[in-house]
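The file work-v6.tsv contains TSV, C-alpha atoms:
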chain	number	residue	atom	x	y	z
K	1	MET	CA	-49.34	36.35	10.87
K	2	LYS	CA	-50.87	33.81	8.53
K	3	GLY	CA	-49.38	35.63	5.59
K	4	GLU	CA	-45.96	35.69	7.30
K	5	LYS	CA	-46.20	31.96	8.07
K	6	LYS	CA	-47.22	31.24	4.50
K	7	LEU	CA	-44.26	33.27	3.24
K	8	LYS	CA	-41.87	31.31	5.49
K	9	ILE	CA	-43.31	28.00	4.30
K	10	THR	CA	-43.07	29.15	0.67
K	11	LYS	CA	-39.45	30.24	1.10
K	12	ARG	CA	-38.63	26.94	2.77
K	13	PHE	CA	-40.32	25.03	-0.04
K	14	ILE	CA	-38.44	27.04	-2.67
K	15	SER	CA	-35.13	26.42	-0.87
K	16	ILE	CA	-35.78	22.68	-0.71
K	17	PHE	CA	-36.86	22.68	-4.35
K	18	LEU	CA	-33.71	24.55	-5.44
K	19	VAL	CA	-31.47	22.15	-3.52
K	20	PHE	CA	-33.31	19.20	-5.04
K	21	THR	CA	-33.00	20.72	-8.52
K	22	MET	CA	-29.27	21.32	-8.05
K	23	MET	CA	-28.80	17.74	-6.90
K	24	ILE	CA	-30.60	16.49	-10.00
K	25	GLY	CA	-28.34	18.74	-12.12
K	26	VAL	CA	-25.21	17.38	-10.47
K	27	LEU	CA	-26.40	13.80	-10.81
K	28	SER	CA	-27.37	14.48	-14.40
K	29	GLY	CA	-23.90	15.90	-15.06
K	30	CYS	CA	-22.33	12.82	-13.50
K	31	SER	CA	-24.58	10.67	-15.65
K	32	ASP	CA	-23.53	12.58	-18.77
K	33	ASN	CA	-19.86	12.13	-17.96
K	34	LYS	CA	-20.43	8.48	-17.10
K	35	SER	CA	-22.27	7.91	-20.36
K	36	LYS	CA	-19.43	9.56	-22.26
K	37	ALA	CA	-16.91	7.35	-20.48
K	38	GLN	CA	-19.02	4.29	-21.23
K	39	ASN	CA	-19.10	5.26	-24.89
K	40	VAL	CA	-15.30	5.07	-25.07
K	41	SER	CA	-13.44	1.77	-24.99
K	42	GLU	CA	-9.79	1.02	-25.61
K	43	ASP	CA	-10.93	-2.26	-27.17
K	44	ASP	CA	-13.19	-0.71	-29.82
K	45	SER	CA	-12.36	-1.67	-33.39
K	46	LEU	CA	-11.84	1.09	-35.93
K	47	GLU	CA	-15.22	0.24	-37.45
K	48	THR	CA	-16.89	0.74	-34.05
K	49	ILE	CA	-15.05	4.03	-33.50
K	50	ILE	CA	-16.23	5.27	-36.91
K	51	GLU	CA	-19.81	4.23	-36.16
K	52	LYS	CA	-19.78	6.02	-32.78
K	53	ALA	CA	-18.03	9.09	-34.23
K	54	LYS	CA	-20.68	9.47	-36.92
K	55	LYS	CA	-23.34	9.53	-34.20
K	56	GLU	CA	-21.44	12.24	-32.32
K	57	LYS	CA	-21.56	14.37	-35.51
K	58	GLU	CA	-19.21	17.08	-34.19
K	59	LEU	CA	-15.52	17.65	-33.48
K	60	ALA	CA	-14.15	20.61	-31.50
K	61	SER	CA	-10.40	21.21	-31.70
K	62	VAL	CA	-8.08	23.72	-30.05
K	63	GLY	CA	-4.84	25.04	-31.53
K	64	MET	CA	-5.50	23.45	-34.92
K	65	PRO	CA	-6.50	26.36	-37.19
K	66	ASP	CA	-7.08	25.87	-40.91
K	67	THR	CA	-3.89	27.71	-41.91
K	68	TRP	CA	-1.46	25.79	-39.66
K	69	ALA	CA	0.07	22.73	-41.38
K	70	ASN	CA	-2.94	22.64	-43.73
K	71	TRP	CA	-5.30	21.36	-41.05
K	72	VAL	CA	-8.15	22.58	-43.24
K	73	GLY	CA	-7.50	19.70	-45.65
K	74	THR	CA	-8.06	17.15	-42.90
K	75	TRP	CA	-11.18	18.86	-41.51
K	76	GLU	CA	-12.74	18.99	-44.97
K	77	ASP	CA	-11.94	15.31	-45.57
K	78	ILE	CA	-13.43	14.24	-42.23
K	79	GLU	CA	-16.62	16.16	-42.90
K	80	GLU	CA	-16.92	14.77	-46.42
K	81	LYS	CA	-16.15	11.15	-45.47
K	82	TYR	CA	-17.93	10.90	-42.12
K	83	GLY	CA	-20.37	13.83	-41.93
K	84	ILE	CA	-18.61	15.26	-38.86
K	85	LYS	CA	-18.69	19.06	-38.53
K	86	HIS	CA	-15.52	20.70	-37.21
K	87	SER	CA	-14.78	23.89	-35.29
K	88	ASP	CA	-11.51	25.23	-33.86
K	89	THR	CA	-10.42	27.74	-31.25
K	90	ASP	CA	-6.82	28.79	-31.83
K	91	MET	CA	-4.54	28.89	-28.81
K	92	SER	CA	-1.02	28.04	-27.66
K	93	SER	CA	0.07	24.65	-26.34
K	94	ALA	CA	0.09	25.94	-22.75
K	95	GLU	CA	-3.38	27.42	-23.17
K	96	GLU	CA	-4.70	24.12	-24.51
K	97	LEU	CA	-3.55	22.24	-21.41
K	98	ALA	CA	-4.93	24.98	-19.17
K	99	LYS	CA	-8.31	24.66	-20.89
K	100	PHE	CA	-8.40	20.87	-20.52
K	101	GLU	CA	-7.47	21.20	-16.84
K	102	SER	CA	-9.78	24.08	-15.89
K	103	GLU	CA	-12.85	22.61	-17.59
K	104	GLY	CA	-12.30	19.14	-16.16
K	105	LYS	CA	-15.35	16.92	-16.53
K	106	ASN	CA	-17.19	19.75	-18.30
K	107	GLY	CA	-14.78	19.65	-21.22
K	108	THR	CA	-15.73	21.51	-24.40
K	109	ALA	CA	-12.68	20.59	-26.50
K	110	ASP	CA	-12.13	17.17	-28.05
K	111	ILE	CA	-8.61	17.33	-29.45
K	112	GLY	CA	-5.61	19.66	-29.55
K	113	ASP	CA	-2.19	19.95	-31.18
K	114	VAL	CA	0.78	20.76	-28.92
K	115	GLY	CA	4.57	20.78	-28.97
K	116	ILE	CA	6.14	17.47	-27.95
K	117	SER	CA	7.23	18.71	-24.52
K	118	PHE	CA	3.59	19.31	-23.57
K	119	GLY	CA	2.65	15.67	-24.21
K	120	PRO	CA	4.24	14.23	-21.05
K	121	ILE	CA	2.96	17.19	-19.01
K	122	ALA	CA	-0.62	16.53	-20.11
K	123	THR	CA	-0.23	12.81	-19.41
K	124	ASN	CA	1.20	13.40	-15.93
K	125	LYS	CA	-1.73	15.72	-15.17
K	126	ASP	CA	-4.16	12.98	-16.27
K	127	LEU	CA	-5.73	15.21	-18.93
K	128	THR	CA	-5.70	12.83	-21.87
K	129	LEU	CA	-7.40	9.82	-23.37
K	130	PRO	CA	-5.01	7.25	-24.90
K	131	TYR	CA	-5.46	6.04	-28.47
K	132	LYS	CA	-2.64	4.36	-30.39
K	133	THR	CA	-4.28	4.23	-33.88
K	134	SER	CA	-3.69	1.62	-36.57
K	135	TYR	CA	-0.28	3.16	-37.35
K	136	TRP	CA	1.31	2.69	-33.93
K	137	ASP	CA	4.18	0.49	-35.11
K	138	GLU	CA	5.18	3.06	-37.75
K	139	ILE	CA	5.71	5.85	-35.20
K	140	PRO	CA	9.31	6.05	-33.88
K	141	ASP	CA	9.72	5.28	-30.17
K	142	TRP	CA	11.03	8.78	-29.43
K	143	ALA	CA	7.84	10.27	-30.92
K	144	LYS	CA	5.25	8.57	-28.68
K	145	ASP	CA	4.54	7.49	-25.13
K	146	GLU	CA	4.05	3.82	-24.40
K	147	LYS	CA	0.28	3.96	-23.85
K	148	GLY	CA	-0.69	6.26	-26.70
K	149	HIS	CA	-1.57	9.36	-24.71
K	150	TRP	CA	0.57	11.34	-27.13
K	151	LEU	CA	2.23	10.56	-30.46
K	152	LEU	CA	3.60	12.96	-33.04
K	153	SER	CA	1.70	13.65	-36.25
K	154	TYR	CA	4.50	15.60	-37.92
K	155	THR	CA	8.00	16.82	-37.24
K	156	GLY	CA	9.76	20.13	-37.30
K	157	THR	CA	13.51	20.65	-37.63
K	158	ILE	CA	15.25	23.89	-36.72
K	159	ALA	CA	16.29	25.71	-39.89
K	160	PHE	CA	17.75	28.99	-41.12
K	161	MET	CA	15.46	31.22	-43.19
K	162	ILE	CA	17.64	33.66	-45.09
K	163	ASP	CA	16.72	36.88	-46.90
K	164	LYS	CA	19.05	36.81	-49.91
K	165	ASN	CA	18.43	40.51	-50.56
K	166	ASN	CA	20.33	41.21	-47.32
K	167	VAL	CA	22.63	38.19	-47.16
K	168	LYS	CA	25.14	37.74	-49.97
K	169	ASP	CA	27.24	34.96	-48.43
K	170	ILE	CA	24.76	32.27	-47.38
K	171	PRO	CA	25.80	30.59	-44.09
K	172	SER	CA	25.11	26.86	-44.27
K	173	SER	CA	26.15	26.03	-40.71
K	174	TRP	CA	26.09	27.44	-37.20
K	175	GLU	CA	29.83	28.00	-37.47
K	176	GLU	CA	29.47	30.07	-40.64
K	177	LEU	CA	26.58	32.01	-39.11
K	178	LEU	CA	28.71	32.88	-36.08
K	179	GLU	CA	31.58	34.04	-38.29
K	180	SER	CA	29.31	36.26	-40.40
K	181	ASP	CA	28.25	39.87	-39.83
K	182	TYR	CA	24.54	39.28	-40.29
K	183	LYS	CA	21.83	39.93	-37.71
K	184	VAL	CA	20.01	36.90	-36.36
K	185	ALA	CA	16.42	36.71	-35.07
K	186	VAL	CA	15.61	33.78	-32.82
K	187	GLY	CA	12.34	34.84	-31.18
K	188	ASP	CA	11.42	35.04	-27.51
K	189	VAL	CA	13.30	32.25	-25.75
K	190	THR	CA	11.51	33.09	-22.49
K	191	LYS	CA	8.16	32.02	-23.97
K	192	ALA	CA	8.29	30.46	-27.43
K	193	ASN	CA	8.74	26.72	-27.99
K	194	GLN	CA	10.37	27.30	-31.40
K	195	ALA	CA	12.92	29.75	-29.97
K	196	GLN	CA	13.87	27.37	-27.16
K	197	PHE	CA	14.50	24.58	-29.63
K	198	ALA	CA	16.70	26.97	-31.63
K	199	VAL	CA	18.96	27.27	-28.58
K	200	LEU	CA	18.98	23.48	-28.21
K	201	ALA	CA	19.92	23.07	-31.89
K	202	ALA	CA	22.84	25.46	-31.44
K	203	ALA	CA	23.89	23.54	-28.32
K	204	ILE	CA	23.87	20.22	-30.19
K	205	ALA	CA	25.96	21.68	-33.01
K	206	ASN	CA	28.51	22.77	-30.41
K	207	GLY	CA	28.75	19.62	-28.31
K	208	GLY	CA	25.78	20.07	-25.99
K	209	ASP	CA	22.51	18.20	-25.57
K	210	GLU	CA	19.15	18.36	-23.78
K	211	LYS	CA	20.85	18.27	-20.39
K	212	ASN	CA	23.77	20.54	-21.30
K	213	ILE	CA	22.36	23.69	-22.90
K	214	LYS	CA	25.43	25.84	-22.07
K	215	PRO	CA	27.06	25.56	-25.54
K	216	GLY	CA	23.86	27.00	-27.05
K	217	LEU	CA	23.76	29.87	-24.58
K	218	ASP	CA	27.46	30.59	-25.17
K	219	TYR	CA	26.82	30.63	-28.91
K	220	PHE	CA	24.07	33.22	-28.73
K	221	ARG	CA	25.97	35.26	-26.13
K	222	LYS	CA	28.74	35.78	-28.69
K	223	ILE	CA	26.18	36.96	-31.25
K	224	ALA	CA	24.60	39.24	-28.62
K	225	GLU	CA	28.00	40.71	-27.67
K	226	GLU	CA	28.54	41.63	-31.32
K	227	GLY	CA	25.19	43.43	-31.44
K	228	ARG	CA	23.79	40.91	-33.94
K	229	LEU	CA	20.94	39.45	-31.90
K	230	SER	CA	17.86	40.97	-33.51
K	231	SER	CA	14.77	41.65	-31.41
K	232	VAL	CA	12.59	42.24	-34.48
K	233	ASP	CA	9.50	40.02	-34.57
K	234	ALA	CA	9.74	37.54	-37.45
K	235	SER	CA	6.31	38.40	-38.81
K	236	LEU	CA	5.50	38.15	-42.51
K	237	ALA	CA	5.28	41.95	-42.65
K	238	ASN	CA	8.75	42.44	-41.15
K	239	LEU	CA	10.26	39.74	-43.35
K	240	GLU	CA	8.73	41.33	-46.42
K	241	LYS	CA	10.12	44.74	-45.42
K	242	GLY	CA	13.60	43.22	-45.21
K	243	GLU	CA	14.05	43.95	-41.50
K	244	ILE	CA	15.48	40.51	-40.76
K	245	ASP	CA	18.65	39.03	-42.29
K	246	ILE	CA	18.36	35.50	-40.89
K	247	VAL	CA	15.65	34.02	-38.70
K	248	ILE	CA	15.86	30.65	-36.96
K	249	VAL	CA	12.57	28.77	-37.30
K	250	TRP	CA	10.99	25.36	-37.75
K	251	ASP	CA	11.52	24.18	-41.31
K	252	PHE	CA	7.78	24.06	-42.00
K	253	ASN	CA	7.35	27.67	-40.87
K	254	GLY	CA	10.27	28.83	-42.98
K	255	LEU	CA	9.03	27.03	-46.09
K	256	ASN	CA	5.54	28.41	-45.57
K	257	TYR	CA	6.80	32.00	-45.14
K	258	LYS	CA	9.07	31.62	-48.15
K	259	ASP	CA	6.23	30.60	-50.46
K	260	GLN	CA	3.90	33.27	-49.10
K	261	LEU	CA	6.46	36.02	-49.66
K	262	ASP	CA	8.90	35.30	-52.49
K	263	SER	CA	10.36	31.85	-53.09
K	264	GLU	CA	13.26	33.31	-55.09
K	265	ARG	CA	14.20	35.90	-52.48
K	266	PHE	CA	14.29	33.60	-49.43
K	267	GLU	CA	16.22	30.39	-48.79
K	268	VAL	CA	15.50	27.78	-46.12
K	269	LEU	CA	18.17	25.27	-45.06
K	270	ILE	CA	19.06	22.93	-42.23
K	271	PRO	CA	22.45	23.85	-40.67
K	272	SER	CA	24.98	21.24	-41.75
K	273	ASP	CA	26.75	20.96	-38.39
K	274	GLY	CA	23.72	19.99	-36.33
K	275	SER	CA	20.05	20.58	-35.68
K	276	ILE	CA	17.18	19.20	-33.62
K	277	ILE	CA	14.10	17.33	-34.79
K	278	SER	CA	10.99	17.71	-32.69
K	279	GLY	CA	7.34	17.92	-33.55
K	280	TYR	CA	3.73	18.25	-32.57
K	281	THR	CA	1.36	15.72	-31.08
K	282	THR	CA	-2.39	15.50	-30.92
K	283	LEU	CA	-3.92	15.24	-27.45
K	284	ILE	CA	-7.38	13.79	-26.93
K	285	ASN	CA	-9.15	15.40	-23.98
K	286	LYS	CA	-9.96	12.87	-21.25
K	287	TYR	CA	-13.37	14.51	-20.98
K	288	ALA	CA	-13.93	15.18	-24.68
K	289	PRO	CA	-17.60	15.77	-25.50
K	290	HIS	CA	-17.06	13.82	-28.73
K	291	PRO	CA	-14.34	11.29	-27.80
K	292	ASN	CA	-14.84	8.93	-30.71
K	293	ALA	CA	-14.74	11.78	-33.23
K	294	ALA	CA	-11.44	12.79	-31.60
K	295	LYS	CA	-10.10	9.24	-31.94
K	296	LEU	CA	-11.18	9.13	-35.56
K	297	ALA	CA	-9.48	12.47	-36.20
K	298	ARG	CA	-6.18	11.16	-34.80
K	299	GLU	CA	-6.58	8.01	-36.90
K	300	TYR	CA	-7.18	10.04	-40.06
K	301	ILE	CA	-4.32	12.46	-39.35
K	302	LEU	CA	-1.92	9.49	-39.30
K	303	SER	CA	-3.39	7.86	-42.41
K	304	ASP	CA	-1.70	8.31	-45.78
K	305	GLU	CA	-4.26	10.96	-46.72
K	306	GLY	CA	-3.84	12.82	-43.44
K	307	GLN	CA	-0.05	12.75	-43.63
K	308	ILE	CA	-0.17	14.07	-47.20
K	309	ASN	CA	-2.47	16.87	-46.03
K	310	LEU	CA	0.14	17.90	-43.46
K	311	ALA	CA	2.90	17.80	-46.08
K	312	LYS	CA	0.83	20.14	-48.24
K	313	GLY	CA	1.16	22.54	-45.32
K	314	TYR	CA	4.99	22.10	-45.32
K	315	ALA	CA	5.01	19.80	-42.26
K	316	ARG	CA	7.15	16.68	-42.50
K	317	PRO	CA	5.01	13.55	-41.87
K	318	ILE	CA	5.99	11.39	-38.90
K	319	ARG	CA	5.31	8.28	-41.01
K	320	THR	CA	8.32	8.27	-43.29
K	321	ASN	CA	6.99	5.41	-45.44
K	322	VAL	CA	4.11	7.50	-46.82
K	323	LYS	CA	4.65	8.14	-50.53
K	324	LEU	CA	4.04	11.81	-51.20
K	325	PRO	CA	2.76	12.99	-54.59
K	326	GLU	CA	5.53	14.69	-56.55
K	327	ASP	CA	3.97	18.15	-56.33
K	328	VAL	CA	3.65	17.78	-52.54
K	329	ALA	CA	7.15	16.37	-52.00
K	330	SER	CA	8.57	19.35	-53.88
K	331	LYS	CA	7.21	21.66	-51.17
K	332	LEU	CA	9.56	20.07	-48.61
K	333	LEU	CA	13.33	20.13	-48.26
K	334	PRO	CA	15.13	17.06	-49.67
K	335	ASP	CA	16.09	14.28	-47.24
K	336	SER	CA	19.77	15.11	-47.76
K	337	GLU	CA	19.26	18.38	-45.83
K	338	TYR	CA	18.54	16.42	-42.65
K	339	LYS	CA	21.76	14.39	-42.38
K	340	SER	CA	22.97	16.35	-39.35
K	341	ALA	CA	19.58	16.62	-37.62
K	342	GLU	CA	18.72	14.36	-34.70
K	343	PRO	CA	15.57	13.84	-32.63
K	344	VAL	CA	15.28	14.75	-28.96
K	345	LYS	CA	17.09	12.00	-27.05
K	346	SER	CA	15.53	12.62	-23.64
K	347	ASN	CA	12.21	14.39	-23.29
K	348	GLU	CA	12.60	14.17	-19.52
K	349	GLU	CA	15.92	16.05	-19.53
K	350	TRP	CA	14.63	18.59	-22.05
K	351	ASP	CA	11.54	19.24	-19.91
K	352	LYS	CA	13.82	20.16	-17.00
K	353	THR	CA	16.09	22.33	-19.14
K	354	SER	CA	13.25	24.17	-20.86
K	355	VAL	CA	11.89	25.23	-17.45
K	356	GLU	CA	15.27	26.75	-16.54
K	357	LEU	CA	16.01	28.20	-19.98
K	358	PRO	CA	14.03	31.48	-19.76
K	359	GLU	CA	16.02	32.66	-16.75
K	360	LEU	CA	19.31	31.42	-18.22
K	361	TRP	CA	18.58	33.26	-21.48
K	362	GLN	CA	18.08	36.49	-19.57
K	363	SER	CA	21.26	36.17	-17.51
K	364	GLU	CA	23.58	34.42	-19.98
K	365	VAL	CA	22.55	36.05	-23.28
K	366	LEU	CA	20.29	39.11	-23.10
K	367	SER	CA	22.40	40.78	-20.41
K	368	TYR	CA	25.26	40.86	-22.97
K	369	ALA	CA	23.19	42.27	-25.84
K	370	LYS	CA	24.30	45.52	-27.46
Starting from the coordinates I provided, produce the structure as structure tokens.
Amino acid sequence: MKGEKKLKITKRFISIFLVFTMMIGVLSGCSDNKSKAQNVSEDDSLETIIEKAKKEKELASVGMPDTWANWVGTWEDIEEKYGIKHSDTDMSSAEELAKFESEGKNGTADIGDVGISFGPIATNKDLTLPYKTSYWDEIPDWAKDEKGHWLLSYTGTIAFMIDKNNVKDIPSSWEELLESDYKVAVGDVTKANQAQFAVLAAAIANGGDEKNIKPGLDYFRKIAEEGRLSSVDASLANLEKGEIDIVIVWDFNGLNYKDQLDSERFEVLIPSDGSIISGYTTLINKYAPHPNAAKLAREYILSDEGQINLAKGYARPIRTNVKLPEDVASKLLPDSEYKSAEPVKSNEEWDKTSVELPELWQSEVLSYAK
């Protein structure tokens, strides 16, 4: 009996101890999060942010791999200048937001790069930390929210990438593309941000806009009815094999693919009768483990050096007053190509349309494909 009583007392003691330990852990976690929050201030000067970032020593990004838009150039610069080590986990825009949301106060990611439509979503979900940077006044109003939760680093404009081995008469407009006999790859409109913007660009060229996507759907339905809507994935391997006549992509993707494959064989152009300018924004996780390093990264990305790094990766800098070195400027399309391109006029309307677009694409376009 004594042994049984001792066992009961021991079990009770262990239970109390475990509860006490768990409470300490929870309180400790709260303290960690509180200390992180206290280490971030909207009033900090850039010098203070740099000082705090150096102490954090690390920066964890998501969706910002070395090969995309030459992010590697920026990561190397930040490590060299500030001694901050960088790591990245590649993922889609939707996955980035899901990670921020699911991890909550136990965040492991500091900063991410997402398509513009994901900026307002993240802000509405209260997932982000605002930071305007020193370059706030140089960012167009359409490319930022008023508090600095999101602001574009670079733009993308929907372009045609054309395999000249297959295409003898180069279409320079949506109208000419429609009148041609060539097959067109647009990607998966039910999932891909780039493909959805391709439909919007076609809509704009034919009298539509963010709210009225029907002209874009009608355009691709005609191509589908003629059996010219290609379902081939626009991978480098398929492009190299010549399986795609014309693919509709962001200009920076097209220029990158072109140089990787054969710059003489492929041509990239902005359709002359209309296109859409969008872009990608950094998001700083509200519960970033290294919030000041994330702020410093956004600051550097928008600096002259950071913008030039992006241009080296074929992305068009959001700060149009940055003077690019001649060898870097030559990687991009000339300004004259963008005369017919316009930025998104209403992110709110486009957010609504993009939610409806996958189902509309299935019913209004794919159901007519031959």
- Message: If I take atom CA of Val62 of chain K and atom CA of Glu95 of chain K, how far is one from the other in Å, to one decimal?
- Response: 9.1 Å
- Determine the nearest neighbour of Asp169 of chain K from the options K:Asp304, K:Ala69, K:Ile246, K:His290, counting only C-alpha atoms.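 Of K:Asp304, K:Ala69, K:Ile246, K:His290, the one nearest Asp169 of chain K is K:Ile246, counting only C-alpha atoms.
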Leaving out segment 199-211 of chain K and any residue of its chain fewer than 6 positions from it, which residues lie within 12 Å of it when counting all atoms listed in the file, given as a PDB file with C-alpha atoms, in the frame of the given file?
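Writing the result to selection_28.pdb gives the following:
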ATOM      1  CA  SER K 117       7.230  18.710 -24.520  1.00  0.00           C
ATOM      2  CA  GLY K 156       9.760  20.130 -37.300  1.00  0.00           C
ATOM      3  CA  THR K 157      13.510  20.650 -37.630  1.00  0.00           C
ATOM      4  CA  ILE K 158      15.250  23.890 -36.720  1.00  0.00           C
ATOM      5  CA  ALA K 159      16.290  25.710 -39.890  1.00  0.00           C
ATOM      6  CA  PHE K 160      17.750  28.990 -41.120  1.00  0.00           C
ATOM      7  CA  SER K 173      26.150  26.030 -40.710  1.00  0.00           C
ATOM      8  CA  TRP K 174      26.090  27.440 -37.200  1.00  0.00           C
ATOM      9  CA  GLU K 175      29.830  28.000 -37.470  1.00  0.00           C
ATOM     10  CA  GLU K 176      29.470  30.070 -40.640  1.00  0.00           C
ATOM     11  CA  LEU K 177      26.580  32.010 -39.110  1.00  0.00           C
ATOM     12  CA  LEU K 178      28.710  32.880 -36.080  1.00  0.00           C
ATOM     13  CA  ALA K 185      16.420  36.710 -35.070  1.00  0.00           C
ATOM     14  CA  VAL K 186      15.610  33.780 -32.820  1.00  0.00           C
ATOM     15  CA  GLY K 187      12.340  34.840 -31.180  1.00  0.00           C
ATOM     16  CA  ASP K 188      11.420  35.040 -27.510  1.00  0.00           C
ATOM     17  CA  VAL K 189      13.300  32.250 -25.750  1.00  0.00           C
ATOM     18  CA  THR K 190      11.510  33.090 -22.490  1.00  0.00           C
ATOM     19  CA  ALA K 192       8.290  30.460 -27.430  1.00  0.00           C
ATOM     20  CA  ASN K 193       8.740  26.720 -27.990  1.00  0.00           C
ATOM     21  CA  LEU K 217      23.760  29.870 -24.580  1.00  0.00           C
ATOM     22  CA  ASP K 218      27.460  30.590 -25.170  1.00  0.00           C
ATOM     23  CA  TYR K 219      26.820  30.630 -28.910  1.00  0.00           C
ATOM     24  CA  PHE K 220      24.070  33.220 -28.730  1.00  0.00           C
ATOM     25  CA  ARG K 221      25.970  35.260 -26.130  1.00  0.00           C
ATOM     26  CA  ILE K 223      26.180  36.960 -31.250  1.00  0.00           C
ATOM     27  CA  ILE K 248      15.860  30.650 -36.960  1.00  0.00           C
ATOM     28  CA  VAL K 249      12.570  28.770 -37.300  1.00  0.00           C
ATOM     29  CA  TRP K 250      10.990  25.360 -37.750  1.00  0.00           C
ATOM     30  CA  ILE K 270      19.060  22.930 -42.230  1.00  0.00           C
ATOM     31  CA  PRO K 271      22.450  23.850 -40.670  1.00  0.00           C
ATOM     32  CA  SER K 272      24.980  21.240 -41.750  1.00  0.00           C
ATOM     33  CA  ASP K 273      26.750  20.960 -38.390  1.00  0.00           C
ATOM     34  CA  GLY K 274      23.720  19.990 -36.330  1.00  0.00           C
ATOM     35  CA  SER K 275      20.050  20.580 -35.680  1.00  0.00           C
ATOM     36  CA  ILE K 276      17.180  19.200 -33.620  1.00  0.00           C
ATOM     37  CA  ILE K 277      14.100  17.330 -34.790  1.00  0.00           C
ATOM     38  CA  SER K 278      10.990  17.710 -32.690  1.00  0.00           C
ATOM     39  CA  SER K 340      22.970  16.350 -39.350  1.00  0.00           C
ATOM     40  CA  ALA K 341      19.580  16.620 -37.620  1.00  0.00           C
ATOM     41  CA  GLU K 342      18.720  14.360 -34.700  1.00  0.00           C
ATOM     42  CA  PRO K 343      15.570  13.840 -32.630  1.00  0.00           C
ATOM     43  CA  VAL K 344      15.280  14.750 -28.960  1.00  0.00           C
ATOM     44  CA  LYS K 345      17.090  12.000 -27.050  1.00  0.00           C
ATOM     45  CA  SER K 346      15.530  12.620 -23.640  1.00  0.00           C
ATOM     46  CA  ASN K 347      12.210  14.390 -23.290  1.00  0.00           C
ATOM     47  CA  GLU K 348      12.600  14.170 -19.520  1.00  0.00           C
ATOM     48  CA  GLU K 349      15.920  16.050 -19.530  1.00  0.00           C
ATOM     49  CA  TRP K 350      14.630  18.590 -22.050  1.00  0.00           C
ATOM     50  CA  ASP K 351      11.540  19.240 -19.910  1.00  0.00           C
ATOM     51  CA  LYS K 352      13.820  20.160 -17.000  1.00  0.00           C
ATOM     52  CA  THR K 353      16.090  22.330 -19.140  1.00  0.00           C
ATOM     53  CA  SER K 354      13.250  24.170 -20.860  1.00  0.00           C
ATOM     54  CA  VAL K 355      11.890  25.230 -17.450  1.00  0.00           C
ATOM     55  CA  GLU K 356      15.270  26.750 -16.540  1.00  0.00           C
ATOM     56  CA  LEU K 357      16.010  28.200 -19.980  1.00  0.00           C
ATOM     57  CA  PRO K 358      14.030  31.480 -19.760  1.00  0.00           C
ATOM     58  CA  LEU K 360      19.310  31.420 -18.220  1.00  0.00           C
ATOM     59  CA  TRP K 361      18.580  33.260 -21.480  1.00  0.00           C
ATOM     60  CA  VAL K 365      22.550  36.050 -23.280  1.00  0.00           C
TER      61      VAL K 365
END
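Around the coordinate (-11.9, 12.3, -16.8), residues that reach within 6 Å when counting all atoms listed in the file are Lys105, Lys286 and Tyr287 of chain K.
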Contacts of Ser231 of chain K within 12 Å, only C-alpha atoms, excl. fewer than 3 positions in-chain, as a compact mmCIF listing (two decimals) with C-alpha atoms, keeping the file's coordinate frame:
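What landed in out-v2.txt:
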# COMPACT_ATOMS: atom_id res chain seq x y z
CA LYS K 183 21.83 39.93 -37.71
CA VAL K 184 20.01 36.90 -36.36
CA ALA K 185 16.42 36.71 -35.07
CA VAL K 186 15.61 33.78 -32.82
CA GLY K 187 12.34 34.84 -31.18
CA ASP K 188 11.42 35.04 -27.51
CA VAL K 189 13.30 32.25 -25.75
CA ALA K 224 24.60 39.24 -28.62
CA GLY K 227 25.19 43.43 -31.44
CA ARG K 228 23.79 40.91 -33.94
CA ALA K 234 9.74 37.54 -37.45
CA SER K 235 6.31 38.40 -38.81
CA ASN K 238 8.75 42.44 -41.15
CA GLU K 243 14.05 43.95 -41.50
CA ILE K 244 15.48 40.51 -40.76
CA ASP K 245 18.65 39.03 -42.29
CA ILE K 246 18.36 35.50 -40.89
CA VAL K 247 15.65 34.02 -38.70
CA LEU K 366 20.29 39.11 -23.10
CA ALA K 369 23.19 42.27 -25.84
CA LYS K 370 24.30 45.52 -27.46
- Task: For each of K:Arg265, K:Lys312, K:Lys191, K:Lys241, take the minimum atom-to-atom distance to Val72 of chain K, counting only C-alpha atoms, then give the residue where this is smallest.
- Result: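 Of all the options, K:Lys312 lies closest to Val72 of chain K.
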- Message: Considering all atoms listed in the file, can you say which of K:Val232, K:Ile170, K:Met64, K:Ile116 comes closest to Thr155 of chain K?
- Response: K:Ile116
- Query: Just how far from atom CA of Asn256 of chain K is atom CA of Gly242 of chain K, in Å to one decimal?
  - Reply: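 Interatomic distance here is 16.9 Å.
Picture a line from atom CA of Leu239 of chain K to atom CA of Tyr280 of chain K; it runs 24.9 Å.
Closest approach to Ile308 of chain K among K:Asn285, K:Leu97, K:Asn70, K:Gly216 is made by K:Asn70 (distances from all atoms listed in the file).
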Could you give me, as CSV, a per-residue list for segment 113-164 of chain K showing, wherever an atom lies at most 12 Å from an atom of segment 42-45 of chain K, the closest pair of atoms and their distance in Å to one decimal, using only C-alpha atoms and sorting by chain then residue number from low to high?
residue,atom,partner,partner_atom,distance
K:Leu129,CA,K:Glu42,CA,9.4
K:Pro130,CA,K:Glu42,CA,7.9
K:Tyr131,CA,K:Glu42,CA,7.2
K:Lys132,CA,K:Glu42,CA,9.2
K:Thr133,CA,K:Ser45,CA,10.0
K:Ser134,CA,K:Ser45,CA,9.8
K:Lys147,CA,K:Glu42,CA,10.6
K:Gly148,CA,K:Glu42,CA,10.6
K:His149,CA,K:Glu42,CA,11.7
- Task: Select, from K:Gly115, K:Val167, K:Thr108, K:Leu283, the residue with the minimum atom-to-atom distance to Gln196 of chain K, counting all atoms listed in the file.
- Result: K:Gly115
